[in-house]
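Worksheet for the structure shown next.
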Amino acid sequence: MNSILLPEGFRDEVSDLARIEHKYKNKIINLFQSNAYRLVKSPLIEYANNINSLNTLKIKTNKNHKKLILRDDITMQIARIATGRLKKKIRPLKLCYYGEVVRDKGSIIRPERQFLQVGAECIGESSYLADIEIIELALISLQSVGIKNISIELSSRL
């Protein structure tokens, strides 16, 4: 088979980049877990709603069924899991995750439509210390995989 089967924004990864991505993803997830973040794995496909269907790739189904989408961001799935299956767990709830996400359209800056997302969320903590912890984990994660000259910008709606 050849690349004619791959839509724009998708590619096979058969070089050392696949090995490096796997190594770095594991390094970051291990860092999160060593800081008491619980690993969660969410499905690639879910039903569409008003919140999760902005830049998603839709899957056609019978007109009698709900619309299915491929996830374009794991963060909202973590919120769904935290307020559903993990609703009764003691807060703060520290969760980490990784997985492929798929976008309906790429952008000029990021033409890829499929990529790996790795993240962590601290849910239900009102102290600013949780924000500091997440920022510190993000910084250490990026440094641990060799990224230099890191700049973190913060903003608020308030």
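Letters for chains follow the order of the structure tokens (A, B, ...), residue numbers begin at 1 for each chain, and ligand numbers begin at 1 in the order shown.
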Would you give me, as a tab-separated table, each residue of region 29-76 of chain A having an atom within 9 Å of an atom of region 101-116 of chain A, along with its shortest atom pair and that distance in Å to one decimal, using only C-alpha atoms and sorting by chain and residue number?
```
residue	atom	partner	partner_atom	distance
A:Leu44	CA	A:Val101	CA	7.5
A:Leu54	CA	A:Asp104	CA	8.9
A:Asn55	CA	A:Asp104	CA	5.3
A:Thr56	CA	A:Asp104	CA	5.0
A:Leu57	CA	A:Asp104	CA	4.5
A:Lys58	CA	A:Asp104	CA	7.9
A:Leu70	CA	A:Val102	CA	6.3
A:Arg71	CA	A:Val101	CA	5.6
A:Asp72	CA	A:Val101	CA	4.8
A:Asp73	CA	A:Val101	CA	5.9
A:Ile74	CA	A:Val101	CA	7.4
```
task: Could you tell me, as an MDAnalysis selection string, which residues of region 23-145 of chain A DSSP assigns to strand (DSSP E) when given the backbone?
output: chainID A and resid 38:39 45:47 57:59 68:70 93:102 114:123
Generate the output file for the selected residues, N, CA and C atoms, as an mmCIF file, in the first residue's frame.
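Written out: part-v2.cif:
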```cif
data_model
loop_
_atom_site.group_PDB
_atom_site.id
_atom_site.type_symbol
_atom_site.label_atom_id
_atom_site.label_comp_id
_atom_site.auth_asym_id
_atom_site.auth_seq_id
_atom_site.Cartn_x
_atom_site.Cartn_y
_atom_site.Cartn_z
ATOM 1 N N ARG A 38 -3.043 9.977 38.822
ATOM 2 C CA ARG A 38 -3.566 8.664 38.444
ATOM 3 C C ARG A 38 -3.789 8.619 36.929
ATOM 4 N N LEU A 39 -3.266 7.588 36.283
ATOM 5 C CA LEU A 39 -3.368 7.464 34.833
ATOM 6 C C LEU A 39 -4.781 7.062 34.423
ATOM 7 N N ILE A 45 -13.283 7.319 20.385
ATOM 8 C CA ILE A 45 -14.582 7.687 19.805
ATOM 9 C C ILE A 45 -15.584 7.908 20.923
ATOM 10 N N GLU A 46 -16.426 8.939 20.740
ATOM 11 C CA GLU A 46 -17.531 9.167 21.667
ATOM 12 C C GLU A 46 -18.666 9.855 20.928
ATOM 13 N N TYR A 47 -19.814 9.981 21.587
ATOM 14 C CA TYR A 47 -20.940 10.675 20.979
ATOM 15 C C TYR A 47 -20.675 12.170 20.972
ATOM 16 N N LEU A 57 -13.526 15.252 13.878
ATOM 17 C CA LEU A 57 -13.781 14.461 12.686
ATOM 18 C C LEU A 57 -15.012 13.610 12.990
ATOM 19 N N LYS A 58 -16.069 13.813 12.234
ATOM 20 C CA LYS A 58 -17.319 13.098 12.472
ATOM 21 C C LYS A 58 -17.328 11.759 11.745
ATOM 22 N N ILE A 59 -18.031 10.805 12.317
ATOM 23 C CA ILE A 59 -18.187 9.486 11.729
ATOM 24 C C ILE A 59 -19.656 9.330 11.347
ATOM 25 N N LEU A 68 -21.246 10.201 15.999
ATOM 26 C CA LEU A 68 -19.994 9.821 16.637
ATOM 27 C C LEU A 68 -18.882 10.736 16.144
ATOM 28 N N ILE A 69 -17.916 10.982 17.033
ATOM 29 C CA ILE A 69 -16.755 11.792 16.663
ATOM 30 C C ILE A 69 -15.482 11.118 17.156
ATOM 31 N N LEU A 70 -14.384 11.420 16.486
ATOM 32 C CA LEU A 70 -13.064 11.038 16.979
ATOM 33 C C LEU A 70 -12.603 12.173 17.871
ATOM 34 N N LEU A 93 -8.654 15.631 42.814
ATOM 35 C CA LEU A 93 -8.496 14.460 41.971
ATOM 36 C C LEU A 93 -7.394 14.772 40.962
ATOM 37 N N LYS A 94 -6.309 14.020 41.059
ATOM 38 C CA LYS A 94 -5.160 14.252 40.177
ATOM 39 C C LYS A 94 -5.136 13.163 39.119
ATOM 40 N N LEU A 95 -5.331 13.577 37.860
ATOM 41 C CA LEU A 95 -5.392 12.627 36.756
ATOM 42 C C LEU A 95 -4.383 13.008 35.676
ATOM 43 N N CYS A 96 -3.784 11.998 35.048
ATOM 44 C CA CYS A 96 -2.909 12.228 33.901
ATOM 45 C C CYS A 96 -3.370 11.319 32.775
ATOM 46 N N TYR A 97 -2.953 11.652 31.558
ATOM 47 C CA TYR A 97 -3.466 10.943 30.394
ATOM 48 C C TYR A 97 -2.541 11.138 29.202
ATOM 49 N N TYR A 98 -2.730 10.280 28.217
ATOM 50 C CA TYR A 98 -2.058 10.428 26.930
ATOM 51 C C TYR A 98 -2.896 9.712 25.886
ATOM 52 N N GLY A 99 -2.747 10.093 24.661
ATOM 53 C CA GLY A 99 -3.428 9.407 23.575
ATOM 54 C C GLY A 99 -3.399 10.225 22.303
ATOM 55 N N GLU A 100 -3.735 9.562 21.226
ATOM 56 C CA GLU A 100 -3.812 10.236 19.938
ATOM 57 C C GLU A 100 -5.097 11.061 19.889
ATOM 58 N N VAL A 101 -4.994 12.235 19.294
ATOM 59 C CA VAL A 101 -6.160 13.072 19.036
ATOM 60 C C VAL A 101 -6.189 13.373 17.538
ATOM 61 N N VAL A 102 -7.393 13.597 17.036
ATOM 62 C CA VAL A 102 -7.591 13.808 15.608
ATOM 63 C C VAL A 102 -8.404 15.077 15.403
ATOM 64 N N GLN A 114 -3.446 14.547 13.178
ATOM 65 C CA GLN A 114 -3.372 13.530 14.216
ATOM 66 C C GLN A 114 -2.068 13.726 14.968
ATOM 67 N N PHE A 115 -2.161 13.754 16.293
ATOM 68 C CA PHE A 115 -0.950 13.890 17.093
ATOM 69 C C PHE A 115 -1.200 13.389 18.503
ATOM 70 N N LEU A 116 -0.114 13.213 19.233
ATOM 71 C CA LEU A 116 -0.177 12.713 20.605
ATOM 72 C C LEU A 116 -0.428 13.857 21.570
ATOM 73 N N GLN A 117 -1.346 13.658 22.490
ATOM 74 C CA GLN A 117 -1.598 14.623 23.561
ATOM 75 C C GLN A 117 -1.237 13.955 24.879
ATOM 76 N N VAL A 118 -0.457 14.638 25.701
ATOM 77 C CA VAL A 118 -0.088 14.171 27.031
ATOM 78 C C VAL A 118 -0.437 15.296 27.990
ATOM 79 N N GLY A 119 -1.066 14.969 29.118
ATOM 80 C CA GLY A 119 -1.442 16.036 30.040
ATOM 81 C C GLY A 119 -1.746 15.539 31.434
ATOM 82 N N ALA A 120 -1.981 16.522 32.306
ATOM 83 C CA ALA A 120 -2.346 16.240 33.699
ATOM 84 C C ALA A 120 -3.334 17.297 34.148
ATOM 85 N N GLU A 121 -4.244 16.905 35.018
ATOM 86 C CA GLU A 121 -5.264 17.816 35.548
ATOM 87 C C GLU A 121 -5.381 17.595 37.051
ATOM 88 N N CYS A 122 -5.511 18.685 37.775
ATOM 89 C CA CYS A 122 -5.791 18.632 39.207
ATOM 90 C C CYS A 122 -7.182 19.224 39.389
ATOM 91 N N ILE A 123 -8.152 18.369 39.696
ATOM 92 C CA ILE A 123 -9.561 18.757 39.719
ATOM 93 C C ILE A 123 -10.058 18.851 41.159
#
```
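Across the model, the gap from CA of Arg85 (chain A) to CA of Asn35 (chain A) is 22.1 Å.
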message: I'd like to know which residues of region 54-132 of chain A are alpha helix (DSSP H) (by DSSP, run on the backbone); could you write them as an NGL selection string?
response: :A and (75-83 or 128-132)
- request: Give the answer as one residue: which of A:Leu129, A:Leu158, A:Leu137, A:Ile81 has the shortest atom-to-atom distance to Tyr37 (chain A), using only C-alpha atoms?
  value: A:Leu137
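Across the model, the gap from CA of Lys23 (chain A) to CA of Lys41 (chain A) is 18.0 Å.
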Distance query Tyr24 (chain A) at most 9 Å, only C-alpha atoms, self and fewer than 6 positions along chain excluded, as a PyMOL selection string: chain A and resi 141+144-145
- prompt: How many Å lie between CA of Ile51 (chain A) and CA of Gln77 (chain A), rounded to one decimal?
  reply: 10.6 Å
